[in-house]
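Structure record follows, encoded as structure tokens.
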Amino acid sequence: MAPHSPALSRPIAAPDVVDVVVGVFDAIRWLTDRWYVPLVAGAVVWPLVAWLLHRLSMMASRQRMALELLPARHFDPSPEEIFRQGVQLARASTSMPWWAPRRTKAVRIRLRADGTSALTYRIEGPAGGQRLLSMTPFGPEVKVRKARPLADKARRHEVRAEFLMRGQPVEALRDVPLEPDPLQPLVDAVSDIRADVGDLAEVLVDIQRAPKWALRARRAHIIANARRRERRESQRDAGWVRRDAAAVDDSFASHLRSVATGREASGQRMVMPPVPRRVDREQALGKLSSDDQLVRVQILVMCASDQEGRAEARLSQVQAGLDVFGGRARLAMRGLRLGPWRLGADRWPSRRGFERRWRFGHCQAPAQNWVRLEELTGFLKPPTRHCRLPLMASDLPTFQFGDPALLLQGIYRGPDGSERLVATRAEETLFEVGMGKAGGGKTERALAQAVGVAHAGGGLLFMDPHRDSWARAARFLAHENVTGRIALVDLNGGGPATMLSSWNPIGMHQGQLAHEVVEAALDGFATPLGWDDAGAPRAIAVLGAALRVLVAVNERACQANQPTAQATLFQVRSLIQDPAFRAGALKTAGDLLDVDTRAWWKTTFLTLPDDAFGVVLNPIARLAANPISRAFLGRPDGIYNIRRAMDRRGVVWVCTAGNGPTDRLLTALLARDLLRAGRSRRDAPEEQRREFRVYFDELITLTGAAPETIAAMFEDFRKYAVRVHGMTQLLPRLPGAVRMSLTQNASTLATTAGSSSAVTAITAEWGDDPSPAQVMALDRYEHYMSLTVDGSRVGPVQIGGPYLDHVFAKQAASDTDIQDLERTARQNAGALPLSQLTDIAATQLARVTAFVKAQSTPAGDSSSSGQNENEFK
């Protein structure tokens, strides 16, 4: 056995321990005697540390970025997606250099409203977290783009506020459902912001992952408070027990018992005071009991305006919006109120720190502002489809009378009751569909839009089967800047003195291409009569061959400078039934006809039986039997020229006469000519194609005559700067081709009130938001509509219909001016008395026959073409 070593025995170490303890006490005594030394050292070191932290914080703040999140209209995230977004935000908050102070390691959510947009949602944070934050869990429903720097001007009135957790700090905020959107109260608070008076409202939510030691310190503080509270409760209960025992000993019953037994009271009875209950850690810590997704949050608010009182009122509205999140814990404004004054972020000494945190993104959250990510669900995502966003001027421009770049849409009523005329941009409003019951306001809205276009110098065609629109709009069109461009083609009436314009669908005096004229006229007959290559090939062949001959004759007449010698549609009967006229016409056409057409007349035509021509001659006979259509179509050098109106920004009103077979045929001819004229603009450079708008009132009536033609307009006219607007009572009653083209290409969909079955066709395009029941409840002249602005869809939103007498009250003219306008409009359309046009039509065959005979001789003149000067102005 090794000998015992005194140097290794424990008693020898005792003097060392005593020396250490003595040294500690000596140091304490020295510091106590010289207390000013640590004070001076602290006074020197603390400013140096604060300065260093400030410099590091400023350096770190320069390494920040900002992203703007743009949600889609149908954005509807799940709670899990929102939670994952919160996890990414918390993770990105630590993407700073190791030397960065804790206050700079935060991610900021900025909700901003300045009158240019309803609510801008931005994420600002460390530059190192940009890649992480750019890939949100929301997928393609949210676009993430780099945000532009904010450059705010100074406002005269500004108020600031910081919000902290009040109530039970370990309790969670209220679990706000996602429908309606938790941000709705904040959106409502800023819905009446006006950019023209400098209104501004911003809510900043800073999220920070706090260190473990801070959480442990917070837990220890809460547990200590809980134990102290429990001890106080136990002491209070023990005091009540002792007082109760003393009261019993000193009671009358106790003295009576002592007298009865002959024994004196033995003094106070033994009392067992209540033992303090054990503090339940989970219950005391509440949401702080676990570390899962626990963050610190700093909420700052600033409102500003150039008008006194508006900023303060806005802050109160924002405060009310944050109250929605309150439960056993709530968000309350930090500070102390003394009468009319509040000692808070707007006062010394808090304002300087507030400004620094606001400007540089520093997060120094109050000690009690611990939350779980689930409590911030409402702030972790942009506004969803369940949020009603007000329309700002940037979303839907304000209509300015006389501005050709804007197209009037209606009246928007803001949340504060203010009204403004709203518009879309003319260049991107290509096609529009208006639906609703009779008298609901769809035609009134189209008329207001057309009046605005006319006064802005734009060209348009308004086709109305009933003529009511002309009488309604004339009062607001009787102005010098419109009168010289307007033309009225009124096919109603029937008296000899009726003033009527004229049109030759197969005339060549207006510079058309021969094959386009033939095709347009042939399709004008085939569509309403139901001809096709399978069901009526003979009718198409006969009429097509006849039109090619007559168009060639008309081309010869124009070359001979004799436009009044042109054939009209009514000469088709003579060409088929009169051999002498046919022979002269074929000889006059000569080499203008292709070989196949000449061969057809020499061979196939001669083999056809007489009953083969009835299907062609009968509709022409109906046109000839109607005095209006005979006069309108019987003038060889007809004035109607819709292509010229397109190029010269004319304002043309065409009032057809009803929905009978003859009227449908005439409407089909006009519609097919419009399609031909629009397509013919391909010969003009794109930059020279002036915008022209076509309004079809009562689409059911018009498409009954030419469904495929009108469907083709909605499909093709975009390329030729022709815009189409259609109004109908029932979308399902339109032919399938028209209905599909309308809904597919419409820049604007609008509906007034109607039956459930009728409005469902429109609401289905919007995903039943609004529902058919909401549309059915609309008042007169109220619309739900979706619009296209800057390439994005706006709405559906409720828009009041523009009533002409209100919107254009300043443009209302007198009865005398209206009479002058109608007279001028008919003159511009080359209108003549019905009796005169009838006489021209009755004698036209003789003039054509004479020309054909003259051309059959060698003396036929083939000089250059002449142009009729009496066309649409």
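We name chains A, B, ... following the order of the structure tokens; residues begin at 1 in each chain, and ligands are numbered from 1 as shown.
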Long-range neighbours of Gly614 in chain A as a list in words, 12 Å cut-off, only C-alpha atoms, 4 positions minimum in chain
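What passes the distance filter is Arg538, Ala539, Val542, Leu543, Val572, Arg573, Ile576, Gln577, Leu608, Pro609, Asp610, Asn618, Pro619, Ile620, Ala621 and Arg622 of chain A.
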Write the residues of the preceding selection, restricted to all heavy atoms, as a compact mmCIF listing (two decimals), in the first residue's frame.
```txt
# COMPACT_ATOMS: atom_id res chain seq x y z
N ARG A 538 -77.53 24.59 -105.60
CA ARG A 538 -77.95 25.19 -106.86
C ARG A 538 -78.24 26.68 -106.68
O ARG A 538 -77.87 27.50 -107.51
CB ARG A 538 -79.19 24.47 -107.39
CG ARG A 538 -79.66 24.97 -108.75
CD ARG A 538 -80.88 24.20 -109.22
NE ARG A 538 -80.54 22.82 -109.50
CZ ARG A 538 -81.46 21.89 -109.83
NH1 ARG A 538 -82.74 22.22 -109.91
NH2 ARG A 538 -81.09 20.65 -110.08
N ALA A 539 -78.90 27.03 -105.56
CA ALA A 539 -79.20 28.44 -105.30
C ALA A 539 -77.92 29.25 -105.16
O ALA A 539 -77.81 30.37 -105.69
CB ALA A 539 -80.05 28.55 -104.04
N VAL A 542 -76.35 29.64 -108.70
CA VAL A 542 -77.06 30.56 -109.59
C VAL A 542 -76.85 32.00 -109.16
O VAL A 542 -76.50 32.87 -109.98
CB VAL A 542 -78.56 30.21 -109.63
CG1 VAL A 542 -79.35 31.28 -110.37
CG2 VAL A 542 -78.76 28.85 -110.29
N LEU A 543 -77.07 32.28 -107.87
CA LEU A 543 -76.93 33.66 -107.41
C LEU A 543 -75.48 34.13 -107.51
O LEU A 543 -75.21 35.28 -107.88
CB LEU A 543 -77.44 33.80 -105.97
CG LEU A 543 -77.39 35.21 -105.39
CD1 LEU A 543 -78.23 36.17 -106.23
CD2 LEU A 543 -77.88 35.23 -103.94
N VAL A 572 -80.90 41.11 -110.98
CA VAL A 572 -80.67 39.67 -111.00
C VAL A 572 -81.83 38.97 -111.70
O VAL A 572 -81.64 38.01 -112.47
CB VAL A 572 -80.48 39.12 -109.58
CG1 VAL A 572 -80.45 37.59 -109.58
CG2 VAL A 572 -79.20 39.67 -108.96
N ARG A 573 -83.05 39.43 -111.48
CA ARG A 573 -84.21 38.82 -112.12
C ARG A 573 -84.13 38.96 -113.64
O ARG A 573 -84.41 38.02 -114.38
CB ARG A 573 -85.49 39.48 -111.60
CG ARG A 573 -85.74 39.21 -110.12
CD ARG A 573 -87.03 39.83 -109.65
NE ARG A 573 -87.01 41.30 -109.77
CZ ARG A 573 -88.05 42.06 -109.49
NH1 ARG A 573 -89.19 41.53 -109.10
NH2 ARG A 573 -87.95 43.39 -109.60
N ILE A 576 -81.51 36.59 -115.20
CA ILE A 576 -81.92 35.19 -115.27
C ILE A 576 -83.07 34.98 -116.25
O ILE A 576 -83.10 34.00 -117.02
CB ILE A 576 -82.29 34.69 -113.87
CG1 ILE A 576 -81.04 34.67 -112.96
CG2 ILE A 576 -82.92 33.31 -113.92
CD1 ILE A 576 -81.33 34.30 -111.53
N GLN A 577 -84.02 35.91 -116.30
CA GLN A 577 -85.25 35.69 -117.04
C GLN A 577 -85.24 36.30 -118.45
O GLN A 577 -86.02 35.88 -119.31
CB GLN A 577 -86.44 36.26 -116.26
CG GLN A 577 -86.67 35.54 -114.93
CD GLN A 577 -87.77 36.20 -114.10
OE1 GLN A 577 -87.97 37.41 -114.19
NE2 GLN A 577 -88.46 35.39 -113.32
N LEU A 608 -80.55 24.13 -116.73
CA LEU A 608 -81.34 24.20 -115.50
C LEU A 608 -82.81 24.41 -115.84
O LEU A 608 -83.16 25.20 -116.72
CB LEU A 608 -80.85 25.37 -114.63
CG LEU A 608 -79.43 25.26 -114.08
CD1 LEU A 608 -79.07 26.53 -113.32
CD2 LEU A 608 -79.29 24.05 -113.18
N PRO A 609 -83.71 23.72 -115.12
CA PRO A 609 -85.14 23.92 -115.35
C PRO A 609 -85.58 25.26 -114.78
O PRO A 609 -84.90 25.87 -113.94
CB PRO A 609 -85.78 22.75 -114.59
CG PRO A 609 -84.79 22.41 -113.53
CD PRO A 609 -83.43 22.68 -114.12
N ASP A 610 -86.75 25.69 -115.22
CA ASP A 610 -87.24 26.99 -114.77
C ASP A 610 -87.48 27.05 -113.27
O ASP A 610 -87.30 28.10 -112.64
CB ASP A 610 -88.54 27.33 -115.52
CG ASP A 610 -88.29 27.58 -117.00
OD1 ASP A 610 -87.12 27.87 -117.34
OD2 ASP A 610 -89.25 27.49 -117.78
N ASN A 618 -87.28 34.53 -105.49
CA ASN A 618 -88.31 34.86 -104.50
C ASN A 618 -87.83 35.88 -103.46
O ASN A 618 -88.54 36.86 -103.18
CB ASN A 618 -88.81 33.59 -103.81
CG ASN A 618 -89.68 32.75 -104.72
OD1 ASN A 618 -90.21 33.25 -105.73
ND2 ASN A 618 -89.82 31.47 -104.41
N PRO A 619 -86.66 35.70 -102.82
CA PRO A 619 -86.23 36.72 -101.84
C PRO A 619 -85.97 38.08 -102.48
O PRO A 619 -86.24 39.11 -101.87
CB PRO A 619 -84.95 36.13 -101.24
CG PRO A 619 -84.50 35.10 -102.19
CD PRO A 619 -85.73 34.55 -102.84
N ILE A 620 -85.49 38.09 -103.73
CA ILE A 620 -85.29 39.38 -104.40
C ILE A 620 -86.63 40.02 -104.71
O ILE A 620 -86.79 41.25 -104.61
CB ILE A 620 -84.47 39.17 -105.68
CG1 ILE A 620 -83.07 38.65 -105.31
CG2 ILE A 620 -84.35 40.46 -106.47
CD1 ILE A 620 -82.19 38.35 -106.50
N ALA A 621 -87.60 39.20 -105.03
CA ALA A 621 -88.94 39.74 -105.27
C ALA A 621 -89.53 40.33 -103.99
O ALA A 621 -90.23 41.35 -104.04
CB ALA A 621 -89.84 38.64 -105.81
N ARG A 622 -89.27 39.70 -102.87
CA ARG A 622 -89.76 40.26 -101.60
C ARG A 622 -89.11 41.61 -101.32
O ARG A 622 -89.77 42.54 -100.84
CB ARG A 622 -89.48 39.29 -100.44
CG ARG A 622 -90.35 38.05 -100.44
CD ARG A 622 -90.40 37.42 -99.06
NE ARG A 622 -89.09 37.16 -98.49
CZ ARG A 622 -88.40 36.03 -98.66
NH1 ARG A 622 -88.93 35.06 -99.40
NH2 ARG A 622 -87.23 35.86 -98.11
```
When DSSP works through the backbone of this structure, what residues of range 187-346 of chain A end up as helix (DSSP H, G or I), shown as a PyMOL selection string?
chain A and resi 187-189+195-197+212-249+252-261+281-288+310-325
Nearest candidate to Gly402 in chain A (options A:Gly457, A:Lys853, A:Leu731, A:Trp370; using only C-alpha atoms):
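Distance minimum relative to Gly402 in chain A lands on A:Gly457.
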Range 844-848 of chain A surroundings by only C-alpha atoms, 9 Å radius, close-in-sequence under 6 positions cut, as a list in words:
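After dropping sequence-adjacent residues, the list is Val553, Thr564, Ala565, Gln566, Ala567, Thr568, Phe570, Gln571, Ser574, Gly634, Arg635 and Pro636 of chain A.
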Name the closest residue to Leu500 in chain A among the candidates A:Phe808, A:Phe714, A:Phe325, A:Tyr640; distances are taken between atoms, counting only C-alpha atoms.
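Using only C-alpha atoms, Leu500 in chain A sits closest to A:Tyr640.
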Interatomic distance, CA of Arg64 in chain A to CA of Pro126 in chain A (Å, one decimal)
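If I compute the distance from CA of Arg64 in chain A to CA of Pro126 in chain A, I get 4.4 Å.
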Do you know which residues are at most 12 Å from range 303-314 of chain A counting only C-alpha atoms, after dropping those on the same chain fewer than 3 positions away, and could you put them as an MDAnalysis selection string?
chainID A and resid 111:115 152:162 186:204 300 317:321 342 346
Report the distance between CA of Glu691 in chain A and CA of Leu734 in chain A in Å, rounded to one decimal place.
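A separation of 26.6 Å between them.
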Write out as an mmCIF file with N, CA and C atoms, in the first residue's frame which residues come within 6 Å of Leu633 in chain A when counting only C-alpha atoms, dropping same-chain ones fewer than 4 positions away.
```cif
data_model
loop_
_atom_site.group_PDB
_atom_site.id
_atom_site.type_symbol
_atom_site.label_atom_id
_atom_site.label_comp_id
_atom_site.auth_asym_id
_atom_site.auth_seq_id
_atom_site.Cartn_x
_atom_site.Cartn_y
_atom_site.Cartn_z
ATOM 1 N N TRP A 503 -78.277 52.565 -100.963
ATOM 2 C CA TRP A 503 -77.102 51.686 -100.943
ATOM 3 C C TRP A 503 -77.217 50.681 -102.076
ATOM 4 N N ASN A 504 -76.150 50.506 -102.769
ATOM 5 C CA ASN A 504 -76.086 49.459 -103.792
ATOM 6 C C ASN A 504 -75.071 48.422 -103.336
ATOM 7 N N SER A 629 -87.224 48.777 -98.764
ATOM 8 C CA SER A 629 -86.044 48.065 -99.252
ATOM 9 C C SER A 629 -85.824 48.305 -100.740
#
```
Name the residues in contact with range 138-151 of chain A at a cut-off of 9 Å, using only C-alpha atoms, excluding same-chain residues fewer than 3 positions from it; report them as a PyMOL selection string.
chain A and resi 65-78+81-82+85+122-123+133-135+381-382
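The nearest approach to Arg823 in chain A among the residues A:Thr483, A:Leu119, A:His466, A:Gln184, with only C-alpha atoms taken into account, belongs to A:Thr483.
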Excluding Leu670 in chain A and any residue of its chain fewer than 5 positions from it, enumerate the residues within 9 Å of it, using only C-alpha atoms, and give them as a PyMOL selection string.
chain A and resi 505+524+665+675
Provide the CA of Gln168 in chain A to CA of Arg347 in chain A distance in Å, to one decimal place.
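So the answer is 27.2 Å.
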Best match for closeness to Val301 in chain A among A:Glu355, A:Ala497, A:Leu669, A:Tyr803, counting only C-alpha atoms:
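Closest residue, counting only C-alpha atoms: A:Glu355.
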Which of range 262-510 of chain A counts as strand (DSSP E) under DSSP, as a ChimeraX atom specification please?
/A:294-305,329-333,336-338,341-343,370-372,406-413,419-425,431-435,459-464,486-490,499-500
Pick from A:Ala423, A:Val652, A:Leu575, A:Ile299: nearest to Ala405 in chain A, with only C-alpha atoms counted?
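Smallest distance to Ala405 in chain A is found for A:Ala423.
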Please tabulate, as a tab-separated table, the residues of range 720-812 of chain A that come within 9 Å of range 429-449 of chain A, each with its closest pair of atoms and the distance in Å to one decimal, counting only C-alpha atoms and ordering rows by chain, then residue number upward.
```
residue	atom	partner	partner_atom	distance
A:Ala721	CA	A:Leu430	CA	8.4
A:Val722	CA	A:Leu430	CA	7.8
A:Arg723	CA	A:Leu430	CA	5.0
A:Val724	CA	A:Phe431	CA	4.9
A:His725	CA	A:Glu432	CA	4.6
A:Gly726	CA	A:Val433	CA	5.1
A:Met727	CA	A:Gly434	CA	4.6
A:Thr728	CA	A:Met435	CA	5.1
A:Gln729	CA	A:Gly436	CA	4.9
A:Leu730	CA	A:Met435	CA	6.6
A:Leu731	CA	A:Met435	CA	6.9
A:Leu742	CA	A:Val433	CA	6.8
A:Thr743	CA	A:Val433	CA	7.7
A:Asn745	CA	A:Phe431	CA	6.6
A:Ala746	CA	A:Phe431	CA	4.7
A:Ser747	CA	A:Phe431	CA	5.3
A:Thr748	CA	A:Glu432	CA	4.7
A:Leu749	CA	A:Val433	CA	5.1
A:Ala750	CA	A:Gly434	CA	4.8
A:Thr751	CA	A:Met435	CA	4.5
A:Thr752	CA	A:Gly436	CA	4.6
A:Ala753	CA	A:Gly436	CA	5.7
A:Gly754	CA	A:Lys437	CA	5.2
A:Ser755	CA	A:Lys437	CA	8.1
A:Ala758	CA	A:Gly436	CA	8.0
A:Val759	CA	A:Gly436	CA	7.6
A:Ile762	CA	A:Met435	CA	8.3
A:Asp779	CA	A:Gly440	CA	8.2
A:Arg780	CA	A:Gly440	CA	5.2
A:Tyr781	CA	A:Gly441	CA	4.5
A:Glu782	CA	A:Gly441	CA	7.4
A:His783	CA	A:Gly441	CA	8.3
A:Met785	CA	A:Gly434	CA	8.8
A:Leu787	CA	A:Thr429	CA	8.3
A:Thr788	CA	A:Thr429	CA	7.0
A:Val789	CA	A:Thr429	CA	8.3
A:Gly801	CA	A:Arg445	CA	5.7
A:Pro802	CA	A:Arg445	CA	5.6
A:Tyr803	CA	A:Glu444	CA	6.5
A:Leu804	CA	A:Ala448	CA	5.8
A:Val807	CA	A:Ala448	CA	7.9
A:Phe808	CA	A:Ala448	CA	8.1
```
